[in-house]
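Text of start_22.cif (mmCIF, C-alpha atoms) as supplied:
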data_final
loop_
_atom_site.label_atom_id
_atom_site.label_comp_id
_atom_site.auth_asym_id
_atom_site.auth_seq_id
_atom_site.Cartn_x
_atom_site.Cartn_y
_atom_site.Cartn_z
CA MET M 1 26.91 11.77 -0.18
CA THR M 2 24.86 14.74 1.03
CA THR M 3 21.30 15.78 0.51
CA THR M 4 20.34 19.03 -1.19
CA ASN M 5 17.33 21.12 -0.36
CA MET M 6 14.98 23.86 -1.55
CA PRO M 7 14.36 27.36 -0.14
CA PRO M 8 11.87 27.53 2.77
CA TRP M 9 9.26 29.31 0.63
CA VAL M 10 9.21 26.39 -1.84
CA TRP M 11 8.66 23.98 1.04
CA ALA M 12 5.90 26.21 2.41
CA ILE M 13 4.01 26.38 -0.90
CA THR M 14 4.32 22.60 -1.39
CA LEU M 15 3.02 21.85 2.12
CA VAL M 16 0.10 24.27 1.69
CA VAL M 17 -0.86 22.59 -1.61
CA ILE M 18 -0.68 19.07 -0.14
CA LEU M 19 -2.58 19.95 3.05
CA GLY M 20 -5.13 21.85 0.96
CA LEU M 21 -5.71 18.80 -1.25
CA LEU M 22 -6.18 16.57 1.79
CA ALA M 23 -8.60 19.04 3.40
CA PHE M 24 -10.54 19.34 0.14
CA ASP M 25 -10.70 15.57 -0.13
CA PHE M 26 -12.11 15.26 3.38
CA PHE M 27 -14.68 18.07 3.39
CA PHE M 28 -16.00 17.61 -0.15
CA HIS M 29 -15.79 13.82 -0.60
CA VAL M 30 -15.19 11.81 2.56
CA ARG M 31 -17.09 13.73 5.24
CA LYS M 32 -20.43 12.62 3.80
CA ALA M 33 -20.35 8.83 3.64
CA HIS M 34 -21.06 7.48 0.15
CA GLU M 35 -19.74 4.99 -2.37
CA PRO M 36 -18.00 6.75 -5.28
CA THR M 37 -19.25 5.99 -8.76
CA LEU M 38 -16.80 4.72 -11.37
CA LYS M 39 -17.02 8.08 -13.16
CA GLU M 40 -16.25 9.99 -9.96
CA ALA M 41 -13.28 7.74 -9.13
CA ALA M 42 -11.90 8.00 -12.69
CA TRP M 43 -12.23 11.80 -12.80
CA TRP M 44 -10.53 12.44 -9.48
CA SER M 45 -7.82 9.83 -10.11
CA ALA M 46 -6.97 11.63 -13.35
CA PHE M 47 -7.05 14.97 -11.51
CA TYR M 48 -4.47 13.91 -8.91
CA VAL M 49 -2.23 12.24 -11.48
CA GLY M 50 -2.48 15.42 -13.56
CA ILE M 51 -1.34 17.57 -10.62
CA ALA M 52 1.64 15.27 -10.05
CA VAL M 53 2.60 15.41 -13.74
CA VAL M 54 2.27 19.20 -13.88
CA PHE M 55 4.51 19.49 -10.82
CA GLY M 56 7.14 17.35 -12.56
CA LEU M 57 6.91 19.38 -15.77
CA ILE M 58 7.43 22.59 -13.79
CA LEU M 59 10.57 21.08 -12.29
CA LEU M 60 11.79 20.20 -15.78
CA ALA M 61 11.00 23.67 -17.11
CA VAL M 62 12.26 25.99 -14.37
CA GLY M 63 14.68 23.81 -12.43
CA ASP M 64 17.54 21.47 -13.09
CA HIS M 65 16.28 18.86 -15.59
CA HIS M 66 17.95 16.18 -13.46
CA LEU M 67 15.55 17.08 -10.63
CA GLY M 68 12.61 16.53 -12.97
CA ILE M 69 13.89 13.12 -14.03
CA GLU M 70 14.56 12.15 -10.42
CA TYR M 71 11.08 13.32 -9.41
CA PHE M 72 9.32 11.28 -12.11
CA SER M 73 11.43 8.22 -11.27
CA GLY M 74 10.55 8.56 -7.59
CA TYR M 75 6.87 9.30 -8.28
CA ILE M 76 6.37 6.28 -10.55
CA LEU M 77 8.23 4.01 -8.13
CA GLU M 78 6.23 5.21 -5.11
CA LYS M 79 2.95 5.01 -7.04
CA ALA M 80 3.66 1.37 -7.92
CA LEU M 81 4.48 0.58 -4.30
CA SER M 82 1.30 2.39 -3.21
CA VAL M 83 -0.81 0.24 -5.53
CA ASP M 84 0.81 -2.80 -3.94
CA ASN M 85 -0.29 -1.38 -0.57
CA LEU M 86 -3.89 -1.38 -1.80
CA PHE M 87 -3.87 -5.20 -1.86
CA VAL M 88 -3.32 -5.24 1.90
CA PHE M 89 -5.85 -2.44 2.47
CA LEU M 90 -8.42 -4.48 0.52
CA VAL M 91 -7.85 -7.55 2.72
CA ILE M 92 -8.06 -5.53 5.96
CA ILE M 93 -11.22 -3.67 4.91
CA SER M 94 -12.85 -6.97 3.86
CA SER M 95 -11.86 -8.68 7.11
CA PHE M 96 -13.41 -5.91 9.21
CA ALA M 97 -16.51 -5.92 6.97
CA VAL M 98 -16.33 -2.13 6.61
CA PRO M 99 -19.54 -0.87 4.93
CA ARG M 100 -18.81 0.20 1.35
CA LYS M 101 -19.98 3.78 1.91
CA ASP M 102 -17.60 4.19 4.89
CA GLN M 103 -14.50 2.78 3.19
CA GLN M 104 -13.46 6.21 1.90
CA LYS M 105 -12.91 7.46 5.45
CA VAL M 106 -10.72 4.48 6.26
CA LEU M 107 -8.68 4.95 3.09
CA LEU M 108 -8.17 8.69 3.66
CA PHE M 109 -6.91 7.97 7.17
CA GLY M 110 -4.54 5.37 5.72
CA ILE M 111 -3.22 7.93 3.24
CA VAL M 112 -2.74 10.66 5.87
CA PHE M 113 -1.05 8.28 8.31
CA ALA M 114 1.15 6.92 5.52
CA LEU M 115 2.19 10.48 4.63
CA ILE M 116 3.05 11.22 8.26
CA MET M 117 5.05 8.03 8.75
CA ARG M 118 6.88 8.33 5.45
CA SER M 119 7.75 11.96 6.21
CA LEU M 120 9.32 10.85 9.50
CA PHE M 121 11.28 8.13 7.70
CA ILE M 122 12.32 10.61 4.98
CA PHE M 123 14.00 12.92 7.48
CA ALA M 124 15.42 10.00 9.44
CA GLY M 125 16.87 8.67 6.19
CA MET M 126 18.31 12.08 5.38
CA ALA M 127 20.04 12.19 8.77
CA LEU M 128 21.54 8.75 8.16
CA ILE M 129 22.81 9.68 4.70
CA ASP M 130 24.34 12.95 5.90
CA HIS M 131 26.13 11.49 8.93
CA PHE M 132 26.97 7.89 8.08
CA THR M 133 28.85 6.90 4.93
CA TRP M 134 27.61 3.32 5.17
CA ALA M 135 23.90 4.30 4.98
CA PHE M 136 23.57 3.42 1.28
CA TYR M 137 25.00 -0.05 1.88
CA LEU M 138 22.27 -0.51 4.52
CA PHE M 139 19.54 0.82 2.22
CA GLY M 140 20.72 -1.43 -0.60
CA LEU M 141 20.60 -4.48 1.68
CA ILE M 142 17.08 -3.57 2.86
CA LEU M 143 15.85 -3.35 -0.74
CA LEU M 144 17.46 -6.64 -1.77
CA LEU M 145 15.86 -8.36 1.23
CA THR M 146 12.50 -6.76 0.38
CA ALA M 147 12.78 -7.97 -3.22
CA GLY M 148 13.42 -11.49 -1.94
CA LYS M 149 10.48 -11.24 0.46
CA LEU M 150 8.14 -10.34 -2.43
CA LEU M 151 9.15 -13.55 -4.21
CA ALA M 152 8.70 -15.75 -1.13
CA PRO M 153 5.53 -17.87 -0.80
CA GLU M 154 2.70 -16.25 1.15
CA ASP M 155 2.14 -17.24 4.78
CA GLU M 156 -1.18 -19.04 4.89
CA ASP M 157 -1.78 -18.12 8.55
CA HIS M 158 -0.81 -14.46 8.18
CA ASP M 159 -3.66 -12.10 9.05
CA ASP M 160 -3.11 -8.37 8.42
CA SER M 161 -6.34 -7.51 10.21
CA ASN M 162 -5.22 -9.13 13.45
CA ASN M 163 -1.72 -7.75 13.80
CA PHE M 164 0.16 -7.13 17.04
CA VAL M 165 -1.24 -3.63 17.56
CA ILE M 166 -4.85 -4.82 17.11
CA ARG M 167 -4.33 -7.63 19.61
CA LEU M 168 -2.94 -5.17 22.16
CA ALA M 169 -5.87 -2.79 21.60
CA LYS M 170 -8.42 -5.54 22.13
CA ARG M 171 -6.64 -6.77 25.23
CA PHE M 172 -6.09 -3.50 27.09
CA LEU M 173 -8.77 -1.16 25.72
CA ARG M 174 -12.55 -1.31 25.72
CA THR M 175 -13.64 -2.36 22.24
CA THR M 176 -16.88 -3.41 20.62
CA ASP M 177 -17.48 -5.65 17.63
CA HIS M 178 -20.34 -3.52 16.33
CA TYR M 179 -20.26 -0.49 14.05
CA ASP M 180 -22.05 2.74 14.93
CA GLY M 181 -22.12 4.41 11.53
CA ASP M 182 -18.67 5.81 10.85
CA LYS M 183 -18.05 6.79 14.48
CA LEU M 184 -14.69 5.92 16.04
CA PHE M 185 -16.14 5.72 19.56
CA THR M 186 -19.55 4.71 20.86
CA PHE M 187 -21.23 3.81 24.13
CA GLU M 188 -22.00 0.24 25.13
CA ASN M 189 -23.57 -0.57 28.50
CA GLY M 190 -22.94 3.01 29.56
CA LYS M 191 -19.21 2.83 28.80
CA ARG M 192 -17.24 4.55 26.03
CA VAL M 193 -15.69 1.93 23.72
CA LEU M 194 -13.68 1.77 20.51
CA THR M 195 -15.61 0.75 17.39
CA PRO M 196 -14.30 -1.52 14.61
CA MET M 197 -13.99 1.65 12.49
CA LEU M 198 -11.15 2.80 14.74
CA LEU M 199 -9.62 -0.68 14.89
CA VAL M 200 -9.46 -0.98 11.10
CA MET M 201 -7.68 2.38 11.00
CA VAL M 202 -5.19 1.08 13.57
CA ALA M 203 -4.63 -2.04 11.46
CA ILE M 204 -4.01 0.03 8.33
CA GLY M 205 -1.75 2.39 10.28
CA GLY M 206 0.34 -0.57 11.42
CA THR M 207 0.84 -1.74 7.84
CA ASP M 208 1.73 1.83 6.80
CA ILE M 209 4.75 1.72 9.12
CA LEU M 210 6.00 -1.47 7.47
CA PHE M 211 5.44 -0.05 3.97
CA ALA M 212 7.41 3.07 4.89
CA LEU M 213 10.40 0.91 5.82
CA ASP M 214 10.48 -0.40 2.24
CA SER M 215 9.53 2.67 0.23
CA ILE M 216 11.85 5.30 1.72
CA PRO M 217 15.13 3.41 1.08
CA ALA M 218 13.85 2.76 -2.47
CA ILE M 219 13.25 6.41 -3.33
CA TYR M 220 16.53 7.53 -1.73
CA ALA M 221 18.17 5.30 -4.31
CA VAL M 222 16.61 7.50 -7.00
CA THR M 223 17.49 10.87 -5.48
CA THR M 224 19.13 12.26 -2.33
CA ASN M 225 17.28 15.57 -2.61
CA VAL M 226 15.00 15.42 0.42
CA TYR M 227 12.51 17.86 -1.15
CA ILE M 228 12.13 15.68 -4.27
CA VAL M 229 11.81 12.59 -2.06
CA PHE M 230 9.03 14.24 -0.03
CA ALA M 231 7.20 15.67 -3.05
CA ALA M 232 7.30 12.40 -5.03
CA THR M 233 6.11 10.43 -1.99
CA ALA M 234 3.30 12.88 -1.16
CA PHE M 235 1.98 13.16 -4.72
CA SER M 236 2.10 9.38 -5.14
CA LEU M 237 -0.27 9.04 -2.17
CA MET M 238 -2.66 11.72 -3.44
CA GLY M 239 -5.56 10.13 -5.27
CA LEU M 240 -4.86 6.67 -3.86
CA ARG M 241 -8.35 6.60 -2.32
CA GLN M 242 -10.00 7.21 -5.70
CA LEU M 243 -7.67 4.72 -7.37
CA TYR M 244 -8.83 2.06 -4.89
CA PHE M 245 -12.41 2.33 -6.16
CA LEU M 246 -11.35 2.77 -9.78
CA ILE M 247 -9.28 -0.43 -10.04
CA ASP M 248 -11.15 -2.34 -7.32
CA GLY M 249 -12.00 -5.17 -9.68
CA LEU M 250 -8.62 -5.10 -11.42
CA LEU M 251 -6.38 -5.34 -8.35
CA ASP M 252 -6.42 -9.12 -8.37
CA ARG M 253 -5.67 -9.15 -12.10
CA LEU M 254 -2.22 -7.66 -11.47
CA VAL M 255 -0.81 -11.11 -10.78
CA TYR M 256 2.71 -10.24 -11.86
CA LEU M 257 2.95 -6.89 -10.07
CA LYS M 258 4.90 -8.29 -7.13
CA TYR M 259 7.42 -9.85 -9.53
CA GLY M 260 7.81 -6.54 -11.31
CA LEU M 261 8.28 -4.74 -8.00
CA ALA M 262 10.79 -7.40 -6.91
CA ILE M 263 12.82 -6.78 -10.09
CA ILE M 264 12.66 -3.00 -9.61
CA LEU M 265 13.59 -3.11 -5.92
CA GLY M 266 16.38 -5.59 -6.67
CA PHE M 267 17.67 -3.31 -9.43
CA ILE M 268 17.55 -0.27 -7.15
CA GLY M 269 19.23 -2.22 -4.35
CA VAL M 270 22.11 -3.12 -6.67
CA LYS M 271 22.20 0.50 -7.93
CA LEU M 272 22.55 1.75 -4.35
CA VAL M 273 25.37 -0.64 -3.54
CA LEU M 274 27.22 0.31 -6.76
CA GLU M 275 26.88 4.02 -5.96
CA ALA M 276 28.04 3.40 -2.40
CA LEU M 277 31.11 1.59 -3.77
CA HIS M 278 31.73 4.38 -6.31
CA THR M 279 31.90 6.98 -3.51
CA ASN M 280 33.12 4.59 -0.84
CA GLN M 281 34.52 5.98 2.42
CA VAL M 282 34.08 2.86 4.56
CA GLY M 283 37.48 1.86 5.92
CA PHE M 284 37.28 -1.91 5.58
CA ILE M 285 36.21 -1.71 1.89
CA ASN M 286 39.09 -1.03 -0.49
CA GLY M 287 40.97 0.75 2.27
CA GLY M 288 38.34 3.50 2.45
CA GLU M 289 38.96 4.47 -1.19
CA PRO M 290 36.29 4.65 -3.95
CA VAL M 291 35.83 1.51 -6.06
CA HIS M 292 35.64 2.12 -9.80
CA VAL M 293 32.38 0.41 -10.76
CA TYR M 294 29.61 1.14 -13.26
CA THR M 295 26.75 3.31 -11.95
CA PHE M 296 23.32 4.04 -13.43
CA ASP M 297 22.34 7.65 -14.10
CA PRO M 298 18.77 8.92 -13.27
CA ALA M 299 17.58 8.67 -16.89
CA HIS M 300 18.54 4.98 -17.12
CA SER M 301 16.82 4.27 -13.80
CA LEU M 302 13.62 5.94 -15.03
CA ILE M 303 13.67 3.85 -18.23
CA VAL M 304 14.14 0.61 -16.27
CA ILE M 305 11.31 1.43 -13.83
CA ILE M 306 8.84 2.38 -16.58
CA ALA M 307 9.77 -0.60 -18.78
CA VAL M 308 9.43 -3.19 -16.01
CA LEU M 309 6.12 -1.78 -14.75
CA THR M 310 4.67 -1.55 -18.27
CA LEU M 311 5.61 -5.14 -19.11
CA THR M 312 4.31 -6.32 -15.72
CA VAL M 313 0.91 -4.66 -16.10
CA ILE M 314 0.43 -5.76 -19.72
CA ALA M 315 1.48 -9.34 -18.93
CA SER M 316 -0.92 -9.40 -15.97
CA LEU M 317 -3.92 -8.10 -17.89
CA VAL M 318 -3.52 -10.44 -20.89
CA SER M 319 -2.62 -13.53 -18.85
CA PRO M 320 -5.34 -16.16 -18.30
CA LYS M 321 -3.76 -16.63 -14.88
CA GLY M 322 -5.08 -13.19 -13.94
CA LYS M 323 -8.71 -14.25 -14.34
CA VAL M 324 -8.12 -17.33 -12.23
CA MET M 325 -6.30 -15.34 -9.54
CA THR M 326 -9.16 -12.81 -9.43
CA ALA M 327 -11.56 -15.64 -8.61
CA VAL M 328 -9.20 -17.22 -6.07
CA ARG M 329 -8.63 -13.90 -4.28
CA SER M 330 -12.40 -13.38 -4.15
CA VAL M 331 -12.75 -16.72 -2.39
CA GLU M 332 -9.93 -15.86 0.00
CA ARG M 333 -11.37 -12.45 0.96
CA ASN M 334 -14.92 -13.73 1.42
CA ALA M 335 -13.70 -16.61 3.59
CA HIS M 336 -11.44 -14.27 5.55
CA SER M 337 -14.33 -11.87 6.06
CA TYR M 338 -16.57 -14.62 7.40
CA LEU M 339 -13.88 -15.77 9.81
CA HIS M 340 -14.07 -12.28 11.35
CA THR M 341 -17.79 -12.76 11.74
CA GLU M 342 -17.80 -10.73 14.98
CA TYR M 343 -17.86 -7.53 12.93
CA HIS M 344 -21.19 -8.34 11.31
CA GLY M 345 -24.27 -6.80 12.84
CA ASP M 346 -26.59 -9.81 12.92
CA GLU M 347 -26.95 -13.43 11.86
CA GLY M 348 -28.41 -12.35 8.53
CA GLU M 349 -25.26 -10.43 7.62
CA ARG M 350 -23.09 -13.34 8.69
CA GLU M 351 -25.07 -15.77 6.57
CA GLU M 352 -24.90 -13.39 3.61
CA CYS M 353 -21.12 -13.26 3.99
CA PHE M 354 -20.89 -17.05 4.01
CA GLN M 355 -23.09 -17.33 0.93
CA LYS M 356 -20.79 -14.90 -0.90
CA MET M 357 -17.93 -17.24 -0.15
CA VAL M 358 -19.93 -20.23 -1.41
CA ALA M 359 -20.81 -18.36 -4.60
CA SER M 360 -17.17 -17.45 -5.22
CA VAL M 361 -16.16 -21.10 -4.70
CA GLU M 362 -18.79 -22.14 -7.25
CA LYS M 363 -17.32 -19.66 -9.77
CA LEU M 364 -14.00 -21.47 -9.41
CA ALA M 365 -15.69 -24.77 -10.14
CA ALA M 366 -17.10 -23.27 -13.36
CA PHE M 367 -13.60 -22.96 -14.87
CA ASP M 368 -12.76 -25.76 -17.32
CA ALA M 369 -11.12 -28.94 -16.05
CA ALA M 370 -7.72 -28.04 -17.49
CA LYS M 371 -7.46 -25.06 -15.11
CA GLN M 372 -8.47 -26.94 -11.94
CA PRO M 373 -4.93 -28.10 -11.02
CA GLN M 374 -3.74 -24.48 -11.35
CA ILE M 375 -6.68 -23.32 -9.21
CA GLU M 376 -5.88 -25.86 -6.48
CA GLN M 377 -2.25 -24.73 -6.46
CA MET M 378 -3.24 -21.04 -6.19
CA MET M 379 -5.73 -21.83 -3.44
CA GLU M 380 -2.97 -23.53 -1.44
CA GLU M 381 -0.38 -20.80 -2.10
CA THR M 382 -2.68 -17.94 -1.07
CA GLY M 383 -4.06 -19.74 1.99
CA ALA M 384 -7.58 -19.70 0.52
CA THR M 385 -8.02 -23.47 0.93
CA LEU M 386 -7.32 -23.30 4.67
CA ALA M 387 -9.52 -20.20 5.07
CA VAL M 388 -12.46 -21.90 3.34
CA GLN M 389 -12.07 -25.01 5.53
CA LYS M 390 -12.07 -22.88 8.67
CA ALA M 391 -15.11 -20.90 7.45
CA GLU M 392 -17.06 -24.05 6.63
CA LYS M 393 -16.26 -25.53 10.04
CA LEU M 394 -17.31 -22.32 11.82
CA HIS M 395 -20.54 -22.12 9.80
CA ALA M 396 -21.37 -25.76 10.58
CA GLN M 397 -20.92 -25.09 14.30
CA ALA M 398 -23.06 -21.96 14.11
CA THR M 399 -25.93 -23.60 12.18
CA GLY M 400 -25.68 -27.08 13.73
CA ASN M 401 -25.25 -28.74 10.33
#

Render the structure in this file as structure tokens.
Amino acid sequence: MTTTNMPPWVWAITLVVILGLLAFDFFFHVRKAHEPTLKEAAWWSAFYVGIAVVFGLILLAVGDHHLGIEYFSGYILEKALSVDNLFVFLVIISSFAVPRKDQQKVLLFGIVFALIMRSLFIFAGMALIDHFTWAFYLFGLILLLTAGKLLAPEDEDHDDSNNFVIRLAKRFLRTTDHYDGDKLFTFENGKRVLTPMLLVMVAIGGTDILFALDSIPAIYAVTTNVYIVFAATAFSLMGLRQLYFLIDGLLDRLVYLKYGLAIILGFIGVKLVLEALHTNQVGFINGGEPVHVYTFDPAHSLIVIIAVLTLTVIASLVSPKGKVMTAVRSVERNAHSYLHTEYHGDEGEREECFQKMVASVEKLAAFDAAKQPQIEQMMEETGATLAVQKAEKLHAQATGN
């Protein structure tokens, strides 16, 4: 299996467009700190989706129609995985108590860093595919393991905002727990120190590396054209910042998204293994000869991806479980945010954070009695129960109650 490519001038135009969009985003939206309105977020989300769709239609019109199908399959898949990334971004931003008006800067950094890391993995993946015949077996295994990981219960003690990189930064570098606007560095006691704004970017950057490990094998299952892989990945990340503010309140409603993604990644993992068998050159499998098995063409893959995502989103939005999960996640984030109380400027902010947690717990109590067992189960599964207990203990110590 070998990758195909595009002429250098096509690459050049694509890179100029992507870099131009990122520069425009920074200078006209992010540079001046503000919280986007719902109208602004909706308009620009539609704009970036529109650009991605137009790009795909151009491929269908002037190029090989298979490239267009592969592009749309890859774009939709990467967009779904990117939305899943937003869940983790939301937790990290809440834990670091990033001011709402400064969250755009953090998100844009996350998008740029994700694009850089995924580009590196794209070309590393291309090198593997071109030089090692067993690469697709490896990619298929990675996707099957990822699908299984999505179905596994959440780790109650897992903290994305306190990952290994953050712990190293706090241990060996001068850091402060106080924000100085949206500055990455500030001065404290006459010394230059890192602000939480830089630390939250480091935390998001660390998660971007892990996400790239999952997303690149997935899209290489859709197409081996490195240009299509890059374009679909890049356009899927464009507009993710605006999408964050647009579906902020709906993120927790997508309760079945991880199951849909698990099905899709499992399907793609199986598809990769079947294709690897169909073109097999590995000596210890069937004597190095191809195995005659059924394989899925790009059109069938696109239909499966769209169908599963559509059913997943509809089921999530109409399910009563979604409303309950929204309330539970609110409790979890508010408790998690209070536990990182060092990032709040004063006692008043800390108390306000705790009261938000209390209010979200009271909203859970307002659900009818029939839903309370389900709420308790969700609280345990997400780690919210433990987080609330820790927050209440910390608050009692701080107030002497």

Just the residues within 8 Å of stretch 243-259 of chain M, please, counting only C-alpha atoms, with nothing from its chain fewer than 6 positions along; format it as a list in words.
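These residues fall inside the cut-off: Pro36, Leu38, Ala41, Ala42, Ser45, Asp84, Leu86, Phe87, Leu150, Leu151, Leu309, Thr312, Val313, Ala315, Ser316, Leu317, Lys321, Gly322, Lys323, Met325, Thr326 and Arg329 of chain M.
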
Write out as a ChimeraX atom specification each polymer residue whose atoms come within 7 Å of stretch 129-142 of chain M, counting only C-alpha atoms; drop sequence neighbours fewer than 2 positions from it.
/M:1-3,125-127,144-146,217,269-270,272-273,276,281-282

List every residue of stretch 254-292 of chain M that has an atom at most 10 Å from any atom of stretch 66-77 of chain M, giving for each one its closest atom pair and the distance in Å to one decimal, counting all atoms listed in the file, sorted by chain and then by ascending residue number, as CSV.
residue,atom,partner,partner_atom,distance
M:Leu261,CA,M:Leu77,CA,8.8
M:Ile264,CA,M:Leu77,CA,8.4
M:Leu265,CA,M:Leu77,CA,9.2

Using all atoms listed in the file, pick whichever of M:Leu240, M:Glu35, M:Ala52, M:Ala369 has the shortest atom-to-atom distance to M:Arg100.
M:Glu35

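Here atom CA of M:Met238 stands at a distance of 27.0 Å from atom CA of M:Leu128.
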
Minimum-distance residue to M:Val49, chosen among M:Ala359, M:Leu311, M:Ala232, M:Leu302 (using only C-alpha atoms)
M:Ala232

Find the residue from M:Phe235, M:Gly383, M:Phe296, M:Phe113 that sits nearest to M:Val53; use all atoms listed in the file when measuring.
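Nearest to M:Val53: M:Phe235.
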
Neighbouring residues of M:Glu289 were defined as those with any atom within 10 Å, considering all atoms listed in the file; residues of the same chain fewer than 5 positions away were excluded. Please report them as an mmCIF file with C-alpha atoms, keeping the file's coordinate frame.
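Written output follows (out08.cif):
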data_model
loop_
_atom_site.group_PDB
_atom_site.id
_atom_site.type_symbol
_atom_site.label_atom_id
_atom_site.label_comp_id
_atom_site.auth_asym_id
_atom_site.auth_seq_id
_atom_site.Cartn_x
_atom_site.Cartn_y
_atom_site.Cartn_z
ATOM 1 C CA LEU M 277 31.110 1.590 -3.770
ATOM 2 C CA HIS M 278 31.730 4.380 -6.310
ATOM 3 C CA THR M 279 31.900 6.980 -3.510
ATOM 4 C CA ASN M 280 33.120 4.590 -0.840
ATOM 5 C CA GLN M 281 34.520 5.980 2.420
ATOM 6 C CA VAL M 282 34.080 2.860 4.560
ATOM 7 C CA GLY M 283 37.480 1.860 5.920
ATOM 8 C CA PHE M 284 37.280 -1.910 5.580
#

Starting from the shown file, work through the PyMOL selection byres ((chain M and resi 195) around 6) and note down what comes out as a CSV table (one decimal) with C-alpha atoms, in the frame of the given file.
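Now in selection_17.csv:
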chain,number,residue,atom,x,y,z
M,176,THR,CA,-16.9,-3.4,20.6
M,179,TYR,CA,-20.3,-0.5,14.0
M,184,LEU,CA,-14.7,5.9,16.0
M,185,PHE,CA,-16.1,5.7,19.6
M,194,LEU,CA,-13.7,1.8,20.5
M,196,PRO,CA,-14.3,-1.5,14.6
M,197,MET,CA,-14.0,1.6,12.5
M,198,LEU,CA,-11.2,2.8,14.7

Give me the result of the PyMOL selection byres ((chain M and resi 13-20) around 12) on this file, residue by residue, as an MDAnalysis selection string.
chainID M and resid 6:12 21:28 48 51:52 55 111:112 115:116 119 227:228 230:239

Quick check, in Å to one decimal: how far apart do atom CA of M:Asp208 and atom CA of M:Val328 lie?
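One can read the atom CA of M:Asp208 to atom CA of M:Val328 distance as 25.5 Å.
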
For atom CA of M:Ala152 and atom CA of M:Glu381, determine how far apart the two atoms are, in Å to one decimal place.
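So the two atoms, atom CA of M:Ala152 and atom CA of M:Glu381, lie 10.4 Å apart.
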
Expected answer as a PyMOL selection string: all residues with atoms within 7 Å of (-13.6, -11.5, 8.5), all atoms listed in the file
chain M and resi 94-97+336-341

Selected stretch 314-318 of chain M, written as a PDB file, in the first residue's frame, all heavy atoms:
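Result file follows (decode_9.pdb):
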ATOM      1  N   ILE M 314     -28.956  12.120  17.611  1.00  0.00           N
ATOM      2  CA  ILE M 314     -30.408  12.168  17.825  1.00  0.00           C
ATOM      3  C   ILE M 314     -30.784  11.451  19.122  1.00  0.00           C
ATOM      4  O   ILE M 314     -31.572  11.973  19.930  1.00  0.00           O
ATOM      5  CB  ILE M 314     -31.146  11.534  16.624  1.00  0.00           C
ATOM      6  CG1 ILE M 314     -30.966  12.400  15.375  1.00  0.00           C
ATOM      7  CG2 ILE M 314     -32.637  11.373  16.944  1.00  0.00           C
ATOM      8  CD1 ILE M 314     -31.554  11.796  14.114  1.00  0.00           C
ATOM      9  N   ALA M 315     -30.221  10.263  19.327  1.00  0.00           N
ATOM     10  CA  ALA M 315     -30.522   9.506  20.552  1.00  0.00           C
ATOM     11  C   ALA M 315     -30.103  10.277  21.794  1.00  0.00           C
ATOM     12  O   ALA M 315     -30.797  10.266  22.821  1.00  0.00           O
ATOM     13  CB  ALA M 315     -29.819   8.150  20.506  1.00  0.00           C
ATOM     14  N   SER M 316     -28.969  10.988  21.707  1.00  0.00           N
ATOM     15  CA  SER M 316     -28.486  11.762  22.855  1.00  0.00           C
ATOM     16  C   SER M 316     -29.408  12.920  23.177  1.00  0.00           C
ATOM     17  O   SER M 316     -29.724  13.181  24.344  1.00  0.00           O
ATOM     18  CB  SER M 316     -27.072  12.292  22.572  1.00  0.00           C
ATOM     19  OG  SER M 316     -26.139  11.250  22.422  1.00  0.00           O
ATOM     20  N   LEU M 317     -29.843  13.640  22.142  1.00  0.00           N
ATOM     21  CA  LEU M 317     -30.641  14.842  22.357  1.00  0.00           C
ATOM     22  C   LEU M 317     -32.054  14.537  22.842  1.00  0.00           C
ATOM     23  O   LEU M 317     -32.649  15.328  23.587  1.00  0.00           O
ATOM     24  CB  LEU M 317     -30.704  15.672  21.071  1.00  0.00           C
ATOM     25  CG  LEU M 317     -29.358  16.264  20.606  1.00  0.00           C
ATOM     26  CD1 LEU M 317     -29.545  17.034  19.314  1.00  0.00           C
ATOM     27  CD2 LEU M 317     -28.751  17.154  21.678  1.00  0.00           C
ATOM     28  N   VAL M 318     -32.623  13.397  22.429  1.00  0.00           N
ATOM     29  CA  VAL M 318     -33.991  13.066  22.847  1.00  0.00           C
ATOM     30  C   VAL M 318     -34.019  12.243  24.133  1.00  0.00           C
ATOM     31  O   VAL M 318     -35.083  12.090  24.738  1.00  0.00           O
ATOM     32  CB  VAL M 318     -34.751  12.301  21.737  1.00  0.00           C
ATOM     33  CG1 VAL M 318     -34.788  13.123  20.466  1.00  0.00           C
ATOM     34  CG2 VAL M 318     -34.130  10.936  21.469  1.00  0.00           C
TER      35      VAL M 318
END
